[in-house]
Amino acid sequence: MLHVVERKTLYFALSGLLIVPGLIFLLLGGLKPGIEFKGGTLLDVRFADPPAVSDVHDVMVGLGRSEAIVQAAEGGRVEIRTFEMKPDDVVAAQKALTDKYGANLKDVSSSVVSPSFSGELIQNAVRSITLASFLIVFLIAFAFRNFGWAAFRYGIAAIIALLHDAAVVLGLFAVLGFFFNVEIDSLFVTAVLTIIGFSVHDTIVVFDRIRENLRLNPGEALNPVINFSIMQTLARSVITSLTVVLTLLALFLFGGFSMRNFALALLVGIVSGTYSSIFNASQIVSLWQEVEDRVRHRATAAS
Amino acid sequence: MGRLGPWLVAIIAFVAVFVDIPKHQFSFPFNCPGVCLKLGDLVVNQEIKTHLGLDLQGGTQLVLRMQTEKLPAGVTTPQSELQTQAIRVIERRINSLGVSEPVIQGLGDDKILLELPGVEDLAAANEIATRQAFLEIKVPDKDKPGTYKSLQPPLTGANLKPTFVTFQNGTRPVINFEFTNGDDARWVQLSKDFYQQPVQITLDGKEISAPTINAIFTDGRGIIEGSFTTQSAKELSLLLNSGALPVPVEVIQSSRVEPTLGQDSVHRSLIAGAIGLLLVAFFMIAYYRLPGVIAVLALLYYTALTYAIFRLVPVTLTLAGVAGFILSIGMAVDANVLTFERLKEELRSGKSLRSILYSNLATILTAGILFWFGTGTVKGFALTLGIGVAMSFFTAVIVTQMLLHGAIEIASLRQRRLYGVEERAPETRETRAAPVPS
């Protein structure tokens, strides 16, 4: 049998190694907001005979504007959304489009667009998650209500595991943003929310088994019970993640371009969620107990 | 559950598959697309279809211009501030209309770009986006009998609690409002100053009613009577609740826009999703044998049921929503796995499935809060997630167990090998009762 509780320092260190660099790049401003968050320029291009949007996108990529979102509209119009363009950039884009499409191109007009994804939305989401976290602490404490005040430890440990998983994904995208200019979009926000949901889900399953085993084995020390409970739920944790990972891998490898970052964020988050539910969450409860025991021991020794 | 259980599960399956079928007619007694019923006063006219988001099917784009020239003289609010306020008001209105995942953004410094998935309610969307909804109470003008004038400062709908519609004499719709933030005191004072005189309630400068004050008010409450239909009363109430537009707007362009995501991208993602699900099915059967087959059946049940609910609610599916749906199938697998891992103990002791309950409760709780406080994309996501998890819980607890018990009752399926029990050490009560330390 693996001893996943005794070695907790190792696992905490491993998590730290994963999270700390990410946090550093987060602070360095590594997370690059996409067009939805920043707004920019909207080019309204009129064609006599509109070409394929992917063609127009290629022209924009040729100008170094790979962030461009191209959308066809009624009446031969094609809309191109990009980050803010200076007047010179608009002229350059106009020239590139004229070079490519000649007489087919009838007119280009540009206007400034504000973000479509407001900061308010993100604030709301963060506030909601915070509120949900508090309620989850109480929900888990309620499940462990026979344990007195110790019940809250489990809830708090689950929330720490949740923060761990969110930090891993945010950190990864901060690193990717810093070095490769990978931008985050509304899909990324969705991915982080999904990961948070999945993380708590995973952790509660392990905790529930601990609760049951503690009830069945009164007087048994905490650490062996935790270790045994993790082993019992290991198959379930790994199988569940494996099935989700299979689906996500397929999305990552074969899905469209726009899905790739989304699939990557979820993939990393789900794996992290499984890791933290096996190697971190219960270990936090164990550590808490050990620290408490030590303090109590010292107190009795002193008196 | 008892004997009724299997019938209920079967009926739900039948209805779900019926709703899932792309085009069908269920009309009584008249013909229309979707489900139409007319039984006495009960009229149901619900078209059933899959609602796809802007990214997948495109939609309608409106360009709105703020008519700053129509602002009364003396308004000094900067234009950018007006634009931000107007965007917020329109966003609230569109959200309360139930259109999910619209795009609303400022265009230039005096225009607003509004994109809505689908095109059905273009006229309604137009109306909702452009009605200014500026409510004002005017009082009789002593100098010009028969006309009304504004109070100084004007008593407007700026400080209203959320309004709601009730019916007078059970039939006539009226809108109930209540002033707050100091305007309630002004409203009470108004009833004293103009006792037994008519006051005029105007909307966007037009009179909707001019009731005579017959009593001294004691609080900020009042009602608006007018020649409303239920529909128009509800719409006005919605507009009042979302606040008035700070400036009149007009539609200067309305056109259809194509999806932002290429067909190619969508197809590839769907195929990828299908490959993923096939892998999952294969894996489940290989690992769990007969229960695996049952799990795959349960997953099909889950998928049909959830998709049916998406079509009925309706939920607007964006690519993120579809991905979330595929993921929620993963979560449904989880619930099934838990059911199986506990099958042996459960069959012996009739233990409850509390861990599924708590973990699903946590997710539903999160989804509920995100839905309640969230807007736009986040709200849409929360709805998809919540429905997905609730249905997965139902499938795992009711449907899977029922199928399993059914299979066990069939004698020829009772061989242990079919359940993959011999290959792995079964969890027995002895090992559980005495965890071996180190």
# chains A, B, ... in the order shown; residues from 1 in each chain; ligands from 1
>>> select_by_dssp(residues="range 8-152 of chain A", states="strand (DSSP E)", output="count of residues only")
30
>>> select_by_dssp(residues="range 95-141 of chain B", states="helix (DSSP H, G or I)", output="PDB file with N, CA and C atoms, in the first residue's frame")
ATOM      1  N   ASN B  95     -30.832  40.684 -20.822  1.00  0.00           N
ATOM      2  CA  ASN B  95     -30.719  39.537 -19.913  1.00  0.00           C
ATOM      3  C   ASN B  95     -32.071  39.143 -19.338  1.00  0.00           C
ATOM      4  N   SER B  96     -32.891  40.149 -18.967  1.00  0.00           N
ATOM      5  CA  SER B  96     -34.170  39.784 -18.364  1.00  0.00           C
ATOM      6  C   SER B  96     -35.152  39.295 -19.421  1.00  0.00           C
ATOM      7  N   LEU B  97     -34.854  39.568 -20.694  1.00  0.00           N
ATOM      8  CA  LEU B  97     -35.668  38.996 -21.773  1.00  0.00           C
ATOM      9  C   LEU B  97     -35.410  37.502 -21.885  1.00  0.00           C
ATOM     10  N   LEU B 122     -36.873  39.722 -33.607  1.00  0.00           N
ATOM     11  CA  LEU B 122     -36.179  40.934 -34.029  1.00  0.00           C
ATOM     12  C   LEU B 122     -36.963  42.176 -33.639  1.00  0.00           C
ATOM     13  N   ALA B 123     -38.284  42.157 -33.896  1.00  0.00           N
ATOM     14  CA  ALA B 123     -39.100  43.338 -33.596  1.00  0.00           C
ATOM     15  C   ALA B 123     -39.083  43.610 -32.098  1.00  0.00           C
ATOM     16  N   ALA B 124     -39.237  42.547 -31.319  1.00  0.00           N
ATOM     17  CA  ALA B 124     -39.243  42.708 -29.862  1.00  0.00           C
ATOM     18  C   ALA B 124     -37.895  43.223 -29.378  1.00  0.00           C
ATOM     19  N   ALA B 125     -36.815  42.670 -29.935  1.00  0.00           N
ATOM     20  CA  ALA B 125     -35.474  43.082 -29.530  1.00  0.00           C
ATOM     21  C   ALA B 125     -35.254  44.553 -29.846  1.00  0.00           C
ATOM     22  N   ASN B 126     -35.721  44.956 -31.027  1.00  0.00           N
ATOM     23  CA  ASN B 126     -35.651  46.348 -31.436  1.00  0.00           C
ATOM     24  C   ASN B 126     -36.312  47.253 -30.429  1.00  0.00           C
ATOM     25  N   GLU B 127     -37.533  46.862 -30.072  1.00  0.00           N
ATOM     26  CA  GLU B 127     -38.354  47.632 -29.140  1.00  0.00           C
ATOM     27  C   GLU B 127     -37.659  47.732 -27.783  1.00  0.00           C
ATOM     28  N   ILE B 128     -37.195  46.572 -27.295  1.00  0.00           N
ATOM     29  CA  ILE B 128     -36.562  46.527 -25.980  1.00  0.00           C
ATOM     30  C   ILE B 128     -35.302  47.390 -25.942  1.00  0.00           C
ATOM     31  N   ALA B 129     -34.560  47.354 -27.060  1.00  0.00           N
ATOM     32  CA  ALA B 129     -33.289  48.072 -27.061  1.00  0.00           C
ATOM     33  C   ALA B 129     -33.482  49.576 -27.195  1.00  0.00           C
ATOM     34  N   THR B 130     -34.569  50.008 -27.851  1.00  0.00           N
ATOM     35  CA  THR B 130     -34.664  51.430 -28.147  1.00  0.00           C
ATOM     36  C   THR B 130     -35.652  52.200 -27.271  1.00  0.00           C
TER      37      THR B 130
END
>>> closest_atom_pairs(of="chain A", to="chain B", cutoff="7 Å", atoms="only C-alpha atoms", output="tab-separated table")
residue	atom	partner	partner_atom	distance
A:Val70	CA	B:Thr260	CA	6.8
A:Gln71	CA	B:Thr260	CA	5.2
A:Ala72	CA	B:Glu258	CA	5.1
A:Ala73	CA	B:Val257	CA	4.0
A:Glu74	CA	B:Arg256	CA	5.2
A:Ser111	CA	B:Gly108	CA	5.2
A:Val112	CA	B:Gly108	CA	4.7
A:Val113	CA	B:Leu107	CA	4.5
A:Ser114	CA	B:Gly106	CA	4.8
A:Pro115	CA	B:Gln105	CA	6.1
A:Ser116	CA	B:Gln105	CA	4.9
A:Leu121	CA	B:Thr375	CA	6.2
A:Asn124	CA	B:Gly374	CA	5.9
A:Ala125	CA	B:Gly374	CA	6.1
A:Ser128	CA	B:Leu370	CA	5.7
A:Ala132	CA	B:Thr366	CA	5.3
A:Ile136	CA	B:Ala362	CA	6.1
A:Leu187	CA	B:Ala320	CA	6.2
A:Thr190	CA	B:Phe381	CA	6.9
A:Gly197	CA	B:Thr363	CA	5.5
A:His201	CA	B:Ser359	CA	4.7
A:Ile204	CA	B:Ser359	CA	5.5
A:Val205	CA	B:Ser355	CA	5.5
A:Asp208	CA	B:Ser355	CA	5.6
A:Leu216	CA	B:Ala433	CA	6.4
A:Asn217	CA	B:Ala433	CA	6.3
A:Pro224	CA	B:Pro437	CA	5.2
A:Val225	CA	B:Pro435	CA	6.4
A:Phe228	CA	B:Pro435	CA	6.2
A:Arg236	CA	B:Val337	CA	6.4
A:Thr240	CA	B:Asp334	CA	5.1
A:Thr243	CA	B:Val280	CA	5.4
A:Val244	CA	B:Gly330	CA	5.1
A:Leu246	CA	B:Gly276	CA	5.7
A:Thr247	CA	B:Gly276	CA	3.8
A:Ala250	CA	B:Ala272	CA	5.1
A:Leu251	CA	B:Ala272	CA	5.0
A:Phe254	CA	B:Ala272	CA	5.5
A:Gly255	CA	B:Ser269	CA	4.1
A:Gly256	CA	B:Ser265	CA	4.1
A:Phe257	CA	B:Ser265	CA	6.7
>>> atom_distance(atom1="CA of Gln232 in chain A", atom2="CA of Ala265 in chain A")
28.5 Å
>>> residues_around(residues="range 233-242 of chain B", least_positions_apart="4", cutoff="12 Å", atoms="only C-alpha atoms", output="VMD selection string")
chain B and resid 85 to 98 124 to 125 127 to 136 156 to 167 172 to 178 203 to 204 208 223 to 229 246
>>> closest_residue(among="B:Arg186, B:Leu52, B:Gly222, B:Val9", to="Gln401 in chain B", atoms="only C-alpha atoms")
B:Val9
>>> atom_distance(atom1="CA of Gly269 in chain A", atom2="CA of Ser118 in chain A")
24.4 Å
>>> residues_around(residues="Leu264 in chain A", least_positions_apart="2", cutoff="12 Å", atoms="only C-alpha atoms", output="MDAnalysis selection string")
chainID A and resid 169:170 172:173 176 182 184 187:188 191:192 195 245 247:253 255 257:262 266:271
